[in-house]
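K.L.:
Attaching a single structure in structure tokens format; questions to follow.
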Amino acid sequence: KQEVTQIPAALSVPEGENLVLNCSFTDSAIYNLQWFRQDPGKGLTSLLLIQSSQREQTSGRLNASLDKSSGRSTLYIAASQPGDSATYLCASGGSSNTGKLIFGQGTTLQVKP
Amino acid sequence: GAGVSQTPSNKVTEKGKYVELRCDPISGHTALYWYRQSLGQGPEFLIYFQGTGAADDSGLPNDRFFAVRPEGSVSTLKIQRTERGDSAVYLCASSLGPRGRVSYNEQFFGPGTRLTVL
């Protein structure tokens with residue numbers, strides 16, 4: 001059974017700092033890995049999707065990497081801003097043939113001005 | 001274009017009542033998913049539709065939960081004899097769907113329905 005873990009559960013950094021969020025998964029037979037952002041009381045916004053054949057994806061100040069062999073993914077946020085404050089969730093897709101996502105519990109990020 | 005929409009945004013009901021939650025996916029998306037998110041937790045998978053059929057309902061907690069997608073577009077999640085433990089945010093997501101052996105496509109989520117069972 002796939003298990004996804006995110007550490008740390010919460011993180012507070014000063015504005016402008018570069019930071020890394022970690023995600024680990026137990027079953028390396030995944031189809032993809034997706035990173036989401038969730039603002040309080042809101043739904044999930046997709047940030048990046050990494051297919052199993054890819055090593056990384058970039059969008060603006062965000063870069064996500066995937067290492068299937070070690071069961072790890074990281075989300076790198078460059079030059080953090082207060083508007084980046086939110087909960088970040090990673091989810092593994094696959095290891096079955098339905099595409100259902102298995103989520104971690106999230107990392108709540110606070111960027112202080 | 002329009003994203004995934006869910007109605008109602010909030011639903012308060014009494015224990016033992018029946019509720020229906022609606023999801024309208026992105027036009028053209030054949031895959032539809034329901035998830036449930038409790039406070040402080042990541043979403044948990046409930047059910048997956050490919051077209052009109054439920055391809056995977058392994059996440060439904062018990063037989064009080066049922067979902068339909070009769071025309072392959074809008075889906076309704078139905079909960080009978082609600083219990084206080086059913087209180088959560090119910091999220092719907094859609095994606096383009098599988099393309100043979102190609103990895104599944106990106107899932108796009110709706111804003112959720114917050115269900116409170118008193």
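The way I read the labels, and the way they are meant: chains A, B, ... in the order of the structure tokens, residue 1 as the first residue of every chain, and ligand 1 as the first ligand shown, with later ones counted on from there.
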Counting only C-alpha atoms, a student should be able to say which residues of chain B come within 10 Å of chain A; what is the right answer, written as an MDAnalysis selection string?
P.N.:
chainID B and resid 31:35 40:50 55:56 59 89:93 95 97:98 101:114
K.L.:
Just want the 9 Å neighbourhood of Leu19 (chain A), counted on only C-alpha atoms, with same-chain residues fewer than 4 positions away dropped. Output as an MDAnalysis selection string.
P.N.:
chainID A and resid 13 75:80
K.L.:
Rounded to one decimal place, report the CA of Arg37 (chain A)-CA of Val19 (chain B) distance in Å.
P.N.:
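Spanning CA of Arg37 (chain A) to CA of Val19 (chain B) is a straight-line distance of 28.4 Å.
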K.L.:
Would you please give, as an MDAnalysis selection string, all residues of chain A that DSSP assigns to strand (DSSP E) based on the backbone?
P.N.:
chainID A and resid 4:7 10:14 19:25 32:38 44:51 56:59 62:67 72:77 86:93 101:103 107:112
K.L.:
Between CA of Lys68 (chain A) and CA of Glu56 (chain A), what is the spacing in Å?
P.N.:
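About the pair CA of Glu56 (chain A) and CA of Lys68 (chain A): they are 11.4 Å apart.
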K.L.:
What gap, in Å, lies between CA of Ser58 (chain B) and CA of His29 (chain B)?
P.N.:
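Calculated distance between CA of Ser58 (chain B) and CA of His29 (chain B) is 21.4 Å.
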K.L.:
Can you pull out every residue within 9 Å of Ser27 (chain B), counting only C-alpha atoms, but drop anything in the same chain fewer than 6 positions away, and send it as a PyMOL selection string?
P.N.:
chain B and resi 1-4+73
K.L.:
Just want the 6 Å neighbourhood of Asn22 (chain A), counted on only C-alpha atoms, with same-chain residues fewer than 2 positions away dropped. Output as number ranges by chain.
P.N.:
A: 6-7, 74
K.L.:
Output the selection as a short mmCIF file (atom, residue, chain, number, x, y, z; two decimals), in the first residue's frame - N, CA, C and O atoms for each residue.
P.N.:
```cif
data_model
loop_
_atom_site.label_atom_id
_atom_site.label_comp_id
_atom_site.auth_asym_id
_atom_site.auth_seq_id
_atom_site.Cartn_x
_atom_site.Cartn_y
_atom_site.Cartn_z
N GLN A 6 5.19 13.83 4.14
CA GLN A 6 5.78 15.14 3.91
C GLN A 6 6.37 15.66 5.22
O GLN A 6 5.69 15.68 6.25
N ILE A 7 7.61 16.07 5.11
CA ILE A 7 8.31 16.63 6.26
C ILE A 7 9.02 17.91 5.82
O ILE A 7 9.62 17.93 4.74
N THR A 74 11.09 16.57 -4.37
CA THR A 74 11.26 17.84 -3.68
C THR A 74 10.62 18.95 -4.49
O THR A 74 10.57 18.89 -5.73
#
```
